[in-house]
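Coordinates as given in work_21.cif (mmCIF, C-alpha atoms (C1' of nucleotides)):
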```cif
data_start
loop_
_atom_site.label_atom_id
_atom_site.label_comp_id
_atom_site.auth_asym_id
_atom_site.auth_seq_id
_atom_site.Cartn_x
_atom_site.Cartn_y
_atom_site.Cartn_z
CA MET A 1 82.68 106.50 104.09
CA GLU A 2 84.21 107.23 100.71
CA ALA A 3 87.49 105.91 99.42
CA ALA A 4 89.05 109.38 99.19
CA ALA A 5 88.38 109.99 102.88
CA ALA A 6 89.91 106.64 103.80
CA VAL A 7 93.01 107.39 101.70
CA ALA A 8 93.38 110.69 103.56
CA ALA A 9 92.99 108.95 106.92
CA PHE A 10 95.54 106.25 106.16
CA GLY A 11 97.83 108.91 104.73
CA ALA A 12 97.60 110.73 108.03
CA LEU A 13 98.88 107.61 109.79
CA ALA A 14 101.53 106.86 107.17
CA GLN A 15 104.18 109.14 108.57
CA GLU A 16 106.40 108.53 111.57
CA THR A 17 105.63 111.72 113.49
CA ARG A 18 101.91 111.70 112.79
CA LEU A 19 101.58 108.04 113.74
CA ALA A 20 103.33 108.81 117.03
CA VAL A 21 100.96 111.74 117.56
CA PHE A 22 97.88 109.64 116.98
CA ARG A 23 99.06 106.88 119.31
CA LEU A 24 99.86 109.49 121.93
CA LEU A 25 96.32 110.88 121.59
CA VAL A 26 94.77 107.40 121.75
CA GLN A 27 96.68 106.75 124.95
CA ALA A 28 95.88 110.17 126.41
CA GLY A 29 92.12 109.67 126.11
CA PRO A 30 89.21 112.04 125.39
CA ASP A 31 90.56 115.08 127.24
CA GLY A 32 93.34 115.44 124.72
CA VAL A 33 96.75 117.13 124.82
CA THR A 34 97.82 120.66 123.87
CA ALA A 35 99.64 121.28 120.58
CA GLY A 36 102.64 122.52 122.53
CA ASP A 37 102.86 119.46 124.75
CA ILE A 38 102.60 117.19 121.71
CA ALA A 39 105.37 119.08 119.90
CA GLU A 40 107.58 118.93 122.98
CA ALA A 41 106.88 115.26 123.67
CA LEU A 42 107.91 114.33 120.14
CA LYS A 43 110.75 116.87 119.79
CA VAL A 44 109.37 118.50 116.66
CA PRO A 45 109.26 122.26 115.89
CA ALA A 46 105.88 123.88 116.56
CA SER A 47 105.26 124.86 112.94
CA THR A 48 105.96 121.37 111.67
CA MET A 49 103.74 119.86 114.34
CA SER A 50 100.95 122.31 113.56
CA HIS A 51 101.00 121.07 109.98
CA HIS A 52 100.83 117.45 111.09
CA LEU A 53 98.02 118.12 113.56
CA ALA A 54 96.01 119.85 110.84
CA THR A 55 96.51 116.82 108.58
CA ILE A 56 95.31 114.44 111.30
CA GLU A 57 92.28 116.59 112.06
CA ARG A 58 91.34 117.03 108.37
CA ALA A 59 91.55 113.25 108.05
CA GLY A 60 88.85 112.87 110.70
CA LEU A 61 91.13 111.17 113.22
CA ALA A 62 91.25 113.94 115.81
CA THR A 63 89.27 116.90 117.03
CA SER A 64 90.58 120.17 118.45
CA ARG A 65 89.22 122.73 120.89
CA ARG A 66 90.67 125.98 122.14
CA GLU A 67 90.91 126.43 125.88
CA SER A 68 92.38 129.76 126.81
CA ARG A 69 95.65 130.11 124.94
CA SER A 70 96.11 126.42 124.28
CA ILE A 71 94.58 124.17 121.66
CA PHE A 72 93.80 120.65 122.81
CA TYR A 73 93.84 117.80 120.32
CA ALA A 74 92.02 114.56 121.09
CA ALA A 75 91.69 111.25 119.22
CA ASP A 76 88.42 110.87 117.33
CA TYR A 77 87.42 107.30 118.22
CA GLU A 78 84.33 107.46 116.06
CA GLY A 79 86.48 108.45 113.09
CA ILE A 80 88.86 105.54 113.45
CA ARG A 81 85.95 103.12 113.91
CA LYS A 82 84.38 104.30 110.63
CA LEU A 83 87.72 103.92 108.88
CA LEU A 84 88.21 100.33 110.03
CA THR A 85 84.63 99.42 109.14
CA PHE A 86 85.23 100.74 105.63
CA LEU A 87 88.49 98.82 105.32
CA MET A 88 87.06 95.46 106.34
CA GLU A 89 83.67 95.84 104.66
CA ASP A 90 82.25 92.56 103.36
CA CYS A 91 85.25 90.62 104.67
CA CYS A 92 85.24 87.17 103.06
CA GLN A 93 82.01 88.03 101.30
CA GLY A 94 80.36 88.32 104.69
CA ARG A 95 81.04 84.66 105.49
CA PRO A 96 83.63 84.65 108.32
CA GLU A 97 83.83 80.86 108.22
CA LEU A 98 85.79 81.23 104.96
CA CYS A 99 88.57 83.02 106.80
CA GLY A 100 89.52 80.17 109.11
CA THR A 101 91.34 77.92 106.67
CA GLY A 102 93.72 75.37 108.14
CA SER A 103 95.63 75.59 111.39
CA THR A 104 96.65 79.24 111.19
CA ALA A 105 94.56 81.46 113.43
CA GLN A 106 93.18 83.59 110.63
CA SER A 107 89.66 84.78 111.08
CA CYS A 108 87.40 87.65 110.13
CA ASP A 109 86.14 87.74 113.71
CA THR A 110 89.49 88.73 115.17
CA VAL A 111 89.79 91.49 112.60
CA CYS A 112 86.34 92.75 111.65
CA MET B 1 105.32 95.66 115.89
CA GLU B 2 107.64 98.58 115.27
CA ALA B 3 106.60 102.06 114.23
CA ALA B 4 108.45 101.85 110.91
CA ALA B 5 106.49 98.74 109.93
CA ALA B 6 103.21 100.42 110.85
CA VAL B 7 104.13 103.49 108.78
CA ALA B 8 104.79 101.21 105.82
CA ALA B 9 101.49 99.40 106.32
CA PHE B 10 99.44 102.59 106.56
CA GLY B 11 101.37 103.95 103.60
CA ALA B 12 100.32 100.91 101.61
CA LEU B 13 96.67 101.76 102.32
CA ALA B 14 97.13 105.48 101.72
CA GLN B 15 96.73 105.36 97.96
CA GLU B 16 93.53 105.03 95.98
CA THR B 17 94.49 102.02 93.87
CA ARG B 18 96.19 100.11 96.68
CA LEU B 19 93.31 100.71 99.07
CA ALA B 20 90.94 99.34 96.42
CA VAL B 21 93.23 96.32 95.98
CA PHE B 22 93.32 95.57 99.69
CA ARG B 23 89.56 95.85 100.04
CA LEU B 24 89.13 93.60 97.03
CA LEU B 25 91.43 91.03 98.67
CA VAL B 26 89.60 91.30 101.99
CA GLN B 27 86.34 90.63 100.20
CA ALA B 28 87.79 87.83 98.09
CA GLY B 29 88.92 85.82 101.12
CA PRO B 30 91.89 83.53 101.80
CA ASP B 31 92.11 81.96 98.33
CA GLY B 32 93.16 85.28 96.85
CA VAL B 33 93.05 86.68 93.33
CA THR B 34 95.61 86.62 90.50
CA ALA B 35 97.68 89.73 89.75
CA GLY B 36 96.15 89.85 86.30
CA ASP B 37 92.58 89.72 87.55
CA ILE B 38 93.31 92.46 90.08
CA ALA B 39 94.84 94.68 87.40
CA GLU B 40 91.90 94.10 85.10
CA ALA B 41 89.29 94.63 87.82
CA LEU B 42 90.78 97.99 88.70
CA LYS B 43 91.72 99.02 85.13
CA VAL B 44 95.39 99.58 85.89
CA PRO B 45 98.38 98.56 83.69
CA ALA B 46 100.08 95.34 84.82
CA SER B 47 103.41 96.98 85.59
CA THR B 48 101.82 99.63 87.76
CA MET B 49 99.74 97.04 89.57
CA SER B 50 102.77 94.83 90.11
CA HIS B 51 104.45 97.73 91.89
CA HIS B 52 101.42 98.31 94.09
CA LEU B 53 101.07 94.63 94.93
CA ALA B 54 104.72 94.49 95.93
CA THR B 55 104.19 97.49 98.21
CA ILE B 56 101.19 95.85 99.87
CA GLU B 57 103.04 92.59 100.34
CA ARG B 58 106.19 94.27 101.71
CA ALA B 59 103.94 96.09 104.16
CA GLY B 60 102.75 92.76 105.54
CA LEU B 61 99.16 93.20 104.40
CA ALA B 62 99.08 90.47 101.77
CA THR B 63 100.79 87.22 100.86
CA SER B 64 101.47 85.81 97.41
CA ARG B 65 101.86 82.34 95.99
CA ARG B 66 102.61 81.17 92.50
CA GLU B 67 100.24 78.66 90.98
CA SER B 68 101.27 77.67 87.50
CA ARG B 69 101.69 80.86 85.49
CA SER B 70 99.59 83.02 87.79
CA ILE B 71 100.46 84.67 91.08
CA PHE B 72 97.67 84.78 93.63
CA TYR B 73 97.56 87.58 96.17
CA ALA B 74 95.55 87.19 99.37
CA ALA B 75 94.85 89.51 102.30
CA ASP B 76 97.01 88.84 105.35
CA TYR B 77 94.44 89.01 108.16
CA GLU B 78 97.06 88.41 110.82
CA GLY B 79 99.05 91.36 109.47
CA ILE B 80 96.15 93.77 109.66
CA ARG B 81 95.27 92.56 113.15
CA LYS B 82 98.81 93.28 114.36
CA LEU B 83 98.66 96.72 112.79
CA LEU B 84 95.42 97.66 114.52
CA THR B 85 96.65 96.33 117.84
CA PHE B 86 99.73 98.52 117.53
CA LEU B 87 97.63 101.56 116.62
CA MET B 88 95.24 101.28 119.56
CA GLU B 89 97.79 100.08 122.12
CA ASP B 90 97.06 101.32 125.65
CA CYS B 91 93.92 103.11 124.49
CA CYS B 92 92.86 105.52 127.23
CA GLN B 93 95.71 104.29 129.40
CA GLY B 94 94.08 100.86 129.39
CA ARG B 95 90.98 102.20 131.14
CA PRO B 96 88.15 101.98 128.58
CA GLU B 97 85.74 103.67 131.01
CA LEU B 98 87.59 106.93 130.29
CA CYS B 99 86.52 106.77 126.65
CA GLY B 100 82.79 106.95 127.29
CA THR B 101 82.42 110.59 128.28
CA GLY B 102 78.99 112.12 127.90
CA SER B 103 76.21 111.09 125.56
CA THR B 104 78.31 110.49 122.44
CA ALA B 105 78.88 106.83 121.76
CA GLN B 106 82.64 106.99 122.03
CA SER B 107 84.28 103.98 123.57
CA CYS B 108 87.52 102.03 123.46
CA ASP B 109 85.48 98.82 123.28
CA THR B 110 83.99 99.62 119.90
CA VAL B 111 87.45 100.40 118.56
CA CYS B 112 90.04 98.31 120.39
"C1'" DA C 1 98.36 149.41 125.55
"C1'" DT C 2 102.25 146.47 125.58
"C1'" DT C 3 104.42 142.23 126.43
"C1'" DT C 4 104.35 137.33 126.84
"C1'" DT C 5 102.75 132.84 125.55
"C1'" DA C 6 100.53 129.51 122.25
"C1'" DT C 7 99.69 128.30 117.80
"C1'" DT C 8 99.05 128.82 112.87
"C1'" DT C 9 100.02 130.39 108.06
"C1'" DC C 10 103.36 131.41 104.49
"C1'" DG C 11 106.96 130.25 101.45
"C1'" DA C 12 110.75 127.98 99.65
"C1'" DT C 13 113.53 123.79 99.37
"C1'" DA C 14 114.45 118.83 99.87
"C1'" DA C 15 112.83 114.24 99.63
"C1'" DT C 16 109.64 110.66 98.50
"C1'" DT C 17 106.17 108.41 95.74
"C1'" DG C 18 103.28 107.22 91.57
"C1'" DT C 19 103.09 106.18 86.72
"C1'" DA C 20 103.61 103.31 82.70
"C1'" DG C 21 106.23 101.72 78.50
"C1'" DA C 22 109.93 98.61 77.28
"C1'" DA C 23 112.72 94.82 78.35
"C1'" DA C 24 113.53 90.73 81.24
"C1'" DT C 25 112.02 86.47 83.71
"C1'" DA C 26 109.09 82.41 84.55
"C1'" DT C 27 105.79 78.80 83.23
"C1'" DC C 28 103.21 76.15 80.22
"C1'" DG C 29 101.56 73.82 75.76
"C1'" DG C 30 102.61 71.96 71.36
"C1'" DC D 1 112.91 74.04 71.57
"C1'" DC D 2 109.56 77.80 70.33
"C1'" DG D 3 105.55 80.67 70.86
"C1'" DA D 4 102.11 82.33 74.00
"C1'" DT D 5 100.76 83.92 78.52
"C1'" DA D 6 101.56 85.98 83.24
"C1'" DT D 7 104.10 88.87 85.91
"C1'" DT D 8 108.05 91.49 87.36
"C1'" DT D 9 112.10 94.68 86.98
"C1'" DC D 10 114.10 98.73 84.91
"C1'" DT D 11 114.07 103.50 83.91
"C1'" DA D 12 112.73 108.06 83.63
"C1'" DC D 13 109.51 111.69 84.37
"C1'" DA D 14 105.61 113.91 86.89
"C1'" DA D 15 103.37 114.82 91.04
"C1'" DT D 16 102.92 114.96 95.87
"C1'" DT D 17 104.57 115.48 100.57
"C1'" DA D 18 107.70 116.84 104.49
"C1'" DT D 19 110.43 120.28 106.68
"C1'" DC D 20 111.12 124.44 109.31
"C1'" DG D 21 112.32 129.51 109.84
"C1'" DA D 22 109.98 133.81 109.70
"C1'" DA D 23 105.93 136.43 109.97
"C1'" DA D 24 101.03 136.62 111.36
"C1'" DT D 25 97.15 135.78 114.55
"C1'" DA D 26 94.95 134.99 119.14
"C1'" DA D 27 94.43 135.22 124.06
"C1'" DA D 28 95.93 136.42 128.50
"C1'" DA D 29 98.72 138.95 131.97
"C1'" DT D 30 100.89 143.28 133.56
#
```

The structure in this file should be written as structure tokens.
Amino acid sequence: MEAAAAVAAFGALAQETRLAVFRLLVQAGPDGVTAGDIAEALKVPASTMSHHLATIERAGLATSRRESRSIFYAADYEGIRKLLTFLMEDCCQGRPELCGTGSTAQSCDTVC
Amino acid sequence: MEAAAAVAAFGALAQETRLAVFRLLVQAGPDGVTAGDIAEALKVPASTMSHHLATIERAGLATSRRESRSIFYAADYEGIRKLLTFLMEDCCQGRPELCGTGSTAQSCDTVC
DNA sequence: ATTTTATTTCGATAATTGTAGAAATATCGG
DNA sequence: CCGATATTTCTACAATTATCGAAATAAAAT
């Protein structure tokens, strides 16, 4: 993954409505939710939501499919996994034992 | 964790320079790196970098400590763990078996 | 064919964010 | 105390992003 793609993905999550959308999709599971239901659930006008959904999809965090008149959006679990791998790449120079310093429960393992 | 805090954290990562800073800190490990070294490594003016570092710290993704004239910034592994937990909360309604649909290797386990 | 339902694209405005020089603050060494 | 080094705060300008009504597109029902 390239840095520009990661910036776009984090940018997609860096907005109140879009973050709520993504969490809703994560909780909904692979079948997804229609654009209309998402807009209604979050009390946002359809046109605004459409914009946000496009941003999330472009960022590689969701996929969409048309089914009759509705468009279903679903979380892209593979996309988020790639993003987190990129973020934590070479954590502690690849030596997780460096992370656990002192009494605080800080460790690469719980993160990477 | 509250949504507003998560938005701030993702916002901190949603910018080329700051994302590079965070990844540098993740790779550097718990000892951290001085503000000056970070600015030099990424070829960014000190005042601009100072702003970015403050944003990352406010977002709960890094900690800072003064040591003589230098200020060391270090990745906050606990902070990032909390953020990811919030993001993936109740993935697939808590039933990971829902994630693995079909042949594609999509699963809550590899993400959550 | 026309109407109804679902969603997107357009366009304009409002709000937020990034940038970096100059000045201010903090720490150390002589 | 004074000069050098490290970093932050201030300030102003440029650039990006969010919002949402209106019009356009797409699919289904009558």

Using all atoms listed in the file, determine which residues lie at most 9 Å from C:DT27, disregarding the query and same-chain residues fewer than 3 positions distant; provide the list as a list in words.
Ser68, Arg69 and Ser70 of chain B; DT5 and DA6 of chain D

Could you list, with a cut-off of 12 Å and counting all atoms listed in the file, the residues of chain C near chain A, each shown with its nearest atom pair and the distance in Å rounded to one decimal, rows sorted by chain and ascending number, as a tab-separated table?
```
residue	atom	partner	partner_atom	distance
C:DT4	C1'	A:Arg69	CA	11.5
C:DT5	C1'	A:Arg69	CA	7.6
C:DA6	C1'	A:Arg69	CA	5.6
C:DT7	C1'	A:Ser50	CA	7.4
C:DT8	C1'	A:Ser50	CA	6.8
C:DT9	C1'	A:Ser47	CA	9.0
C:DC10	C1'	A:Ser47	CA	10.9
C:DT16	C1'	A:Gln15	CA	11.6
```

Counting all atoms listed in the file, which residues have an atom no more than 10 Å from (111.6, 104.1, 81.3) in the file's coordinates? Please list them as a VMD selection string.
(chain C and resid 20 to 23) or (chain D and resid 10 to 13)

Run the PyMOL selection byres ((chain D and resi 18) around 10) against the file shown and list the residues it catches, as a ChimeraX atom specification.
/A:15,48,51-52 /C:14-16 /D:17,19-20

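What separates atom CA of A:Gly11 from atom CA of A:Ile80 is a distance of 13.0 Å.
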
Compare A:Val44, A:Ala39, A:Val21, A:Cys92 by their minimum atom-to-atom distance to chain D, counting all atoms listed in the file, and give me the closest one.
A:Val44
